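Shown here: input35.pdb, PDB, C-alpha atoms.
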```pdb
ATOM      1  CA  MET A   5      -3.261 -23.516   9.197
ATOM      2  CA  ALA A   6      -1.025 -23.943   6.171
ATOM      3  CA  GLN A   7      -0.188 -27.428   4.947
ATOM      4  CA  ARG A   8       3.497 -28.152   5.494
ATOM      5  CA  ASP A   9       5.675 -31.185   4.954
ATOM      6  CA  TYR A  10       6.858 -32.348   8.361
ATOM      7  CA  TYR A  11       9.998 -34.056   7.010
ATOM      8  CA  ASP A  12      11.093 -31.468   4.429
ATOM      9  CA  ILE A  13      13.982 -29.415   5.832
ATOM     10  CA  ASP A  14      13.439 -26.651   3.257
ATOM     11  CA  ASP A  15       9.802 -26.377   4.312
ATOM     12  CA  ILE A  16      10.850 -26.180   7.964
ATOM     13  CA  LEU A  17      13.422 -23.476   7.221
ATOM     14  CA  ALA A  18      10.887 -21.537   5.131
ATOM     15  CA  GLY A  19       8.590 -21.527   8.175
ATOM     16  CA  GLN A  20      11.293 -19.655  10.114
ATOM     17  CA  GLU A  21      10.668 -16.491   8.070
ATOM     18  CA  ARG A  22       9.305 -13.742  10.266
ATOM     19  CA  VAL A  23       5.924 -12.109   9.682
ATOM     20  CA  PRO A  24       4.489  -8.970  11.276
ATOM     21  CA  CYS A  25       1.678  -9.586  13.775
ATOM     22  CA  ILE A  26      -0.617  -7.548  16.002
ATOM     23  CA  LEU A  27      -1.262  -8.906  19.467
ATOM     24  CA  GLN A  28      -4.970  -9.439  20.201
ATOM     25  CA  VAL A  29      -4.713 -10.067  23.962
ATOM     26  CA  ASP A  30      -2.785  -8.607  26.902
ATOM     27  CA  LEU A  31       0.125 -10.803  28.005
ATOM     28  CA  ASP A  32       1.517 -10.617  31.517
ATOM     29  CA  GLY A  33       5.188 -11.290  32.104
ATOM     30  CA  LEU A  34       6.376 -11.332  28.485
ATOM     31  CA  GLY A  35       7.508  -7.735  28.138
ATOM     32  CA  SER A  36      10.650  -6.074  29.384
ATOM     33  CA  SER A  37      10.565  -2.826  31.303
ATOM     34  CA  GLY A  38      14.301  -2.269  30.871
ATOM     35  CA  SER A  39      15.056  -2.818  34.567
ATOM     36  CA  GLY A  40      15.164  -6.596  34.185
ATOM     37  CA  THR A  41      11.654  -7.231  35.471
ATOM     38  CA  ALA A  42       8.907  -8.675  33.316
ATOM     39  CA  SER A  43       6.040  -6.393  32.432
ATOM     40  CA  LYS A  44       2.725  -6.582  30.633
ATOM     41  CA  VAL A  45       2.546  -6.539  26.839
ATOM     42  CA  GLN A  46      -0.499  -4.551  25.788
ATOM     43  CA  ARG A  47      -3.068  -5.576  23.232
ATOM     44  CA  ASN A  48      -2.456  -4.130  19.718
ATOM     45  CA  ALA A  49       1.319  -4.268  20.216
ATOM     46  CA  ARG A  50       3.232  -5.134  17.037
ATOM     47  CA  TRP A  51       5.440  -8.200  17.049
ATOM     48  CA  THR A  52       7.452  -9.961  14.405
ATOM     49  CA  LEU A  53       7.202 -13.728  14.855
ATOM     50  CA  PRO A  54       8.395 -16.780  12.919
ATOM     51  CA  TYR A  55       5.672 -17.895  10.538
ATOM     52  CA  TRP A  56       5.262 -21.335  12.136
ATOM     53  CA  MET A  57       4.454 -19.677  15.476
ATOM     54  CA  ALA A  58       2.398 -16.804  14.093
ATOM     55  CA  ASP A  59       0.239 -19.168  12.037
ATOM     56  CA  ARG A  60      -0.738 -21.196  15.099
ATOM     57  CA  LEU A  61      -1.298 -18.112  17.301
ATOM     58  CA  ASP A  62      -3.397 -16.541  14.552
ATOM     59  CA  GLU A  63      -5.519 -19.679  14.413
ATOM     60  CA  GLU A  64      -6.122 -19.382  18.175
ATOM     61  CA  ASP A  65      -6.887 -15.617  17.851
ATOM     62  CA  TYR A  66      -3.958 -14.490  20.013
ATOM     63  CA  VAL A  67      -2.441 -12.501  17.141
ATOM     64  CA  THR A  68      -3.473 -11.249  13.736
ATOM     65  CA  MET A  69      -0.909 -11.835  11.029
ATOM     66  CA  GLU A  70      -0.239  -8.993   8.646
ATOM     67  CA  MET A  71       1.035  -9.203   5.092
ATOM     68  CA  SER A  72       4.703 -10.124   4.885
ATOM     69  CA  PRO A  73       6.572  -7.209   3.273
ATOM     70  CA  MET A  74       8.019  -9.517   0.611
ATOM     71  CA  PHE A  75       4.484 -10.259  -0.634
ATOM     72  CA  ALA A  76       2.995  -6.771  -0.272
ATOM     73  CA  LYS A  77       1.402  -5.236  -3.370
ATOM     74  CA  ARG A  78       4.329  -2.903  -3.953
ATOM     75  CA  ALA A  79       6.822  -5.775  -3.863
ATOM     76  CA  THR A  80       4.748  -8.059  -6.092
ATOM     77  CA  ARG A  81       4.349  -5.269  -8.660
ATOM     78  CA  MET A  82       8.130  -4.872  -8.705
ATOM     79  CA  TYR A  83       8.570  -8.639  -9.142
ATOM     80  CA  ALA A  84       6.026  -8.716 -11.976
ATOM     81  CA  ALA A  85       7.760  -5.859 -13.823
ATOM     82  CA  SER A  86      11.136  -7.591 -13.968
ATOM     83  CA  PRO A  87      11.274 -10.988 -12.249
ATOM     84  CA  GLU A  88      14.713 -11.817 -13.664
ATOM     85  CA  SER A  89      16.307  -8.840 -11.914
ATOM     86  CA  VAL A  90      15.033  -9.717  -8.427
ATOM     87  CA  GLN A  91      17.682 -11.107  -6.072
ATOM     88  CA  LEU A  92      15.449 -13.657  -4.314
ATOM     89  CA  ARG A  93      18.260 -15.004  -2.144
ATOM     90  CA  ALA A  94      18.651 -11.544  -0.565
ATOM     91  CA  ILE A  95      14.899 -11.336   0.100
ATOM     92  CA  CYS A  96      14.350 -14.898   1.318
ATOM     93  CA  GLN A  97      16.372 -18.033   0.587
ATOM     94  CA  TYR A  98      13.148 -20.054   0.609
ATOM     95  CA  TYR A  99      10.968 -17.545  -1.236
ATOM     96  CA  TYR A 100       8.786 -20.037  -3.119
ATOM     97  CA  GLN A 101       8.308 -22.423  -0.177
ATOM     98  CA  PHE A 102       7.424 -19.539   2.117
ATOM     99  CA  GLY A 103       5.031 -18.147  -0.488
ATOM    100  CA  MET A 104       3.301 -21.520  -0.768
ATOM    101  CA  GLN A 105       2.886 -21.606   3.010
ATOM    102  CA  LEU A 106       1.271 -18.160   2.850
ATOM    103  CA  GLY A 107      -1.101 -19.305   0.114
ATOM    104  CA  ASN A 108      -4.201 -19.137   2.330
ATOM    105  CA  ILE A 109      -3.334 -15.748   3.800
ATOM    106  CA  VAL A 110      -1.991 -13.638   0.943
ATOM    107  CA  PRO A 111      -4.449 -13.056  -1.903
ATOM    108  CA  ASP A 112      -3.178 -14.093  -5.356
ATOM    109  CA  VAL A 113       0.198 -15.247  -4.019
ATOM    110  CA  SER A 114      -0.006 -18.449  -6.059
ATOM    111  CA  LEU A 115      -0.410 -16.424  -9.256
ATOM    112  CA  VAL A 116       2.546 -14.194  -8.349
ATOM    113  CA  LEU A 117       4.712 -17.222  -7.541
ATOM    114  CA  ARG A 118       3.711 -19.047 -10.719
ATOM    115  CA  ASN A 119       4.351 -16.111 -13.042
ATOM    116  CA  MET A 120       7.647 -15.284 -11.403
ATOM    117  CA  TYR A 121       8.825 -18.893 -11.414
ATOM    118  CA  MET A 122       7.873 -19.463 -15.056
ATOM    119  CA  ARG A 123       9.789 -16.401 -16.233
ATOM    120  CA  ARG A 124      12.841 -17.083 -14.080
ATOM    121  CA  ILE A 125      13.035 -20.828 -14.780
ATOM    122  CA  GLN A 126      13.420 -20.141 -18.501
ATOM    123  CA  ARG A 127      16.570 -18.207 -17.725
ATOM    124  CA  VAL A 128      17.764 -20.952 -15.367
ATOM    125  CA  ALA A 129      17.358 -23.554 -18.136
ATOM    126  CA  HIS A 130      19.153 -21.287 -20.622
ATOM    127  CA  ILE A 131      22.085 -20.819 -18.234
ATOM    128  CA  ALA A 132      22.278 -24.580 -17.639
ATOM    129  CA  GLN A 133      22.499 -25.186 -21.400
ATOM    130  CA  GLN A 134      24.800 -22.315 -22.372
ATOM    131  CA  GLY A 135      27.107 -22.218 -19.370
ATOM    132  CA  HIS A 136      28.020 -19.360 -17.111
ATOM    133  CA  ASN A 137      29.153 -15.865 -18.013
ATOM    134  CA  VAL A 138      29.423 -12.696 -15.930
ATOM    135  CA  GLU A 139      25.776 -11.724 -16.479
ATOM    136  CA  ALA A 140      24.605 -15.245 -15.634
ATOM    137  CA  LEU A 141      26.723 -15.276 -12.484
ATOM    138  CA  ASP A 142      24.832 -12.281 -11.069
ATOM    139  CA  PHE A 143      21.534 -14.017 -11.795
ATOM    140  CA  VAL A 144      22.659 -17.347 -10.305
ATOM    141  CA  GLN A 145      23.824 -15.629  -7.116
ATOM    142  CA  GLY A 146      20.275 -14.298  -6.640
ATOM    143  CA  LEU A 147      18.480 -17.650  -7.008
ATOM    144  CA  ASP A 148      16.546 -19.066  -4.090
ATOM    145  CA  LYS A 149      17.007 -22.678  -2.940
ATOM    146  CA  MET A 150      14.320 -24.134  -5.228
ATOM    147  CA  GLU A 151      15.747 -22.411  -8.288
ATOM    148  CA  LEU A 152      19.275 -23.552  -7.393
ATOM    149  CA  ARG A 153      18.022 -27.120  -7.140
ATOM    150  CA  MET A 154      16.399 -26.755 -10.576
ATOM    151  CA  LEU A 155      19.638 -25.316 -12.035
ATOM    152  CA  LYS A 156      21.589 -28.341 -10.773
ATOM    153  CA  LEU A 157      18.999 -30.729 -12.242
ATOM    154  CA  CYS A 158      19.123 -28.928 -15.593
ATOM    155  CA  GLN A 159      22.936 -29.076 -15.612
ATOM    156  CA  GLN A 160      22.881 -32.802 -14.779
ATOM    157  CA  ALA A 161      20.369 -33.419 -17.569
ATOM    158  CA  GLN A 162      22.519 -31.407 -19.993
ATOM    159  CA  ASN A 163      25.615 -33.410 -19.021
ATOM    160  CA  ALA A 164      23.731 -36.711 -19.298
ATOM    161  CA  GLY A 165      22.507 -35.739 -22.771
ATOM    162  CA  THR A 166      26.038 -34.857 -23.860
ATOM    163  CA  ASP A 167      27.374 -38.136 -22.465
ATOM    164  CA  TRP A 168      24.667 -40.061 -24.307
ATOM    165  CA  GLN A 169      25.461 -38.315 -27.602
ATOM    166  CA  GLN A 170      29.144 -39.192 -27.188
ATOM    167  CA  ASN A 171      28.306 -42.813 -26.251
ATOM    168  CA  LYS A 172      29.725 -42.312 -22.757
ATOM    169  CA  ALA A 173      26.473 -42.797 -20.925
ATOM    170  CA  TYR A 174      26.316 -46.552 -20.923
ATOM    171  CA  THR A 175      29.620 -48.290 -21.331
ATOM    172  CA  LEU A 176      30.013 -51.894 -20.374
ATOM    173  CA  LYS A 177      32.837 -52.617 -17.995
ATOM    174  CA  LYS A 178      34.392 -55.877 -17.035
ATOM    175  CA  ALA A 179      33.216 -57.036 -13.621
ATOM    176  CA  SER A 180      35.867 -57.225 -10.919
ATOM    177  CA  ALA A 181      35.047 -60.908 -10.341
ATOM    178  CA  MET A 182      35.939 -61.654 -13.981
ATOM    179  CA  SER A 183      39.468 -60.307 -13.703
ATOM    180  CA  LEU A 184      40.668 -63.066 -11.352
TER     181      LEU A 184
END
```

Spit out the file's structure as structure tokens when you get a sec.
Amino acid sequence: MAQRDYYDIDDILAGQERVPCILQVDLDGLGSSGSGTASKVQRNARWTLPYWMADRLDEEDYVTMEMSPMFAKRATRMYAASPESVQLRAICQYYYQFGMQLGNIVPDVSLVLRNMYMRRIQRVAHIAQQGHNVEALDFVQGLDKMELRMLKLCQQAQNAGTDWQQNKAYTLKKASAMSL
């Protein structure tokens, strides 16, 4: 079972991503025959389940999780070729968190995530320093939640540095109690 942070809302939302699974047992009463009555779901049926559920069912051998399409070899090759052009938000808003949760299942996912993040974060830092333009706007609109958080931190650091250089960072003000 993947290690997740119980109190991290982003981690919880990343666990909602759906993964393809193959059922390993017959289940009575969970299918739908179309006439409104429950029917039997046969073994080897394909289901798409939220990761948090599929991970636990896979651990108990009720299902076998398959590779998530966003981490399949074809997709990771595309990401490696041009990571800056990938619209991660359209693929998964919590791409990196979800990838970290899949770390034990998907081979080399940590390497893919690291390489992609390192190449994209350079552009994020550049945009934070230089400001936005039309090309940067397209890139920013494709950032996932972690990258957006990093962009905001970089912008705050840039603004704090500018304030410090202009001696605006630490100005002494008269306390309200002194003005009486």

Legend entry - Neighbour list for stretch 63-74 of chain A as JSON, numbers by chain, cut-off 10 Å, all atoms listed in the file, skip fewer than 2 positions in-chain: {"A": [5, 21, 22, 23, 24, 25, 26, 27, 28, 29, 30, 31, 47, 48, 49, 50, 51, 52, 53, 55, 58, 59, 60, 61, 76, 77, 78, 79, 80, 83, 92, 95, 96, 99, 103, 106, 109, 110, 111]}

Legend entry - Interatomic distance (Å, one decimal) between atom CA of A:Gly146 and atom CA of A:Arg93: 5.0 Å

Legend entry - Selected residue of minimal separation from A:Ser114 among A:Phe102, A:Val90, A:Lys172, A:Asp32, counting all atoms listed in the file: A:Phe102

Inset, instruction - To one decimal in Å, tell me the separation between atom CA of A:Ala140 and atom CA of A:Ala161. - result: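 Between atom CA of A:Ala140 and atom CA of A:Ala161 the gap is 18.8 Å.
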
Inset, instruction - Would you mind reading off the distance between atom CA of A:Gln145 and atom CA of A:His130, one decimal, in Å? - result: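 So the two atoms, atom CA of A:Gln145 and atom CA of A:His130, lie 15.4 Å apart.
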
How close does stretch 105-135 of chain A get to stretch 141-144 of chain A? List, as a tab-separated table, each residue of stretch 105-135 of chain A within 12 Å, its nearest atom pair and the distance in Å to one decimal, counting all atoms listed in the file.
```
residue	atom	partner	partner_atom	distance
A:Arg124	CA	A:Phe143	CA	9.5
A:Ile125	CA	A:Val144	CA	11.2
A:Arg127	CA	A:Phe143	CA	8.8
A:Val128	CA	A:Val144	CA	7.9
A:Ala129	CA	A:Val144	CA	11.3
A:His130	CA	A:Val144	CA	11.6
A:Ile131	CA	A:Val144	CA	8.7
A:Ala132	CA	A:Val144	CA	10.3
A:Gly135	CA	A:Leu141	CA	9.8
```

Legend entry - Result set of the PyMOL selection byres ((chain A and resi 19) around 9) on the coordinates above, as a list in words: Arg8, Asp14, Asp15, Ile16, Leu17, Ala18, Gln20, Glu21, Arg22, Pro54, Tyr55, Trp56, Met57, Tyr98, Gln101, Phe102 and Gln105 of chain A

Inset, instruction - List, as a PyMOL selection string, every residue that the PyMOL selection byres ((chain A and resi 119) around 12) selects in the file provided. - result: chain A and resi 80-81+83-88+100+112-118+120-126

Inset, instruction - Taking the file as shown, find all residues satisfying the PyMOL selection byres ((chain A and resi 162) around 12) and write them as a list in words. - result: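 Applied to this file, the PyMOL selection byres ((chain A and resi 162) around 12) selects Ala129, His130, Ile131, Ala132, Gln133, Gln134, Gly135, Leu155, Lys156, Leu157, Cys158, Gln159, Gln160, Ala161, Asn163, Ala164, Gly165, Thr166, Asp167, Trp168 and Gln169 of chain A.
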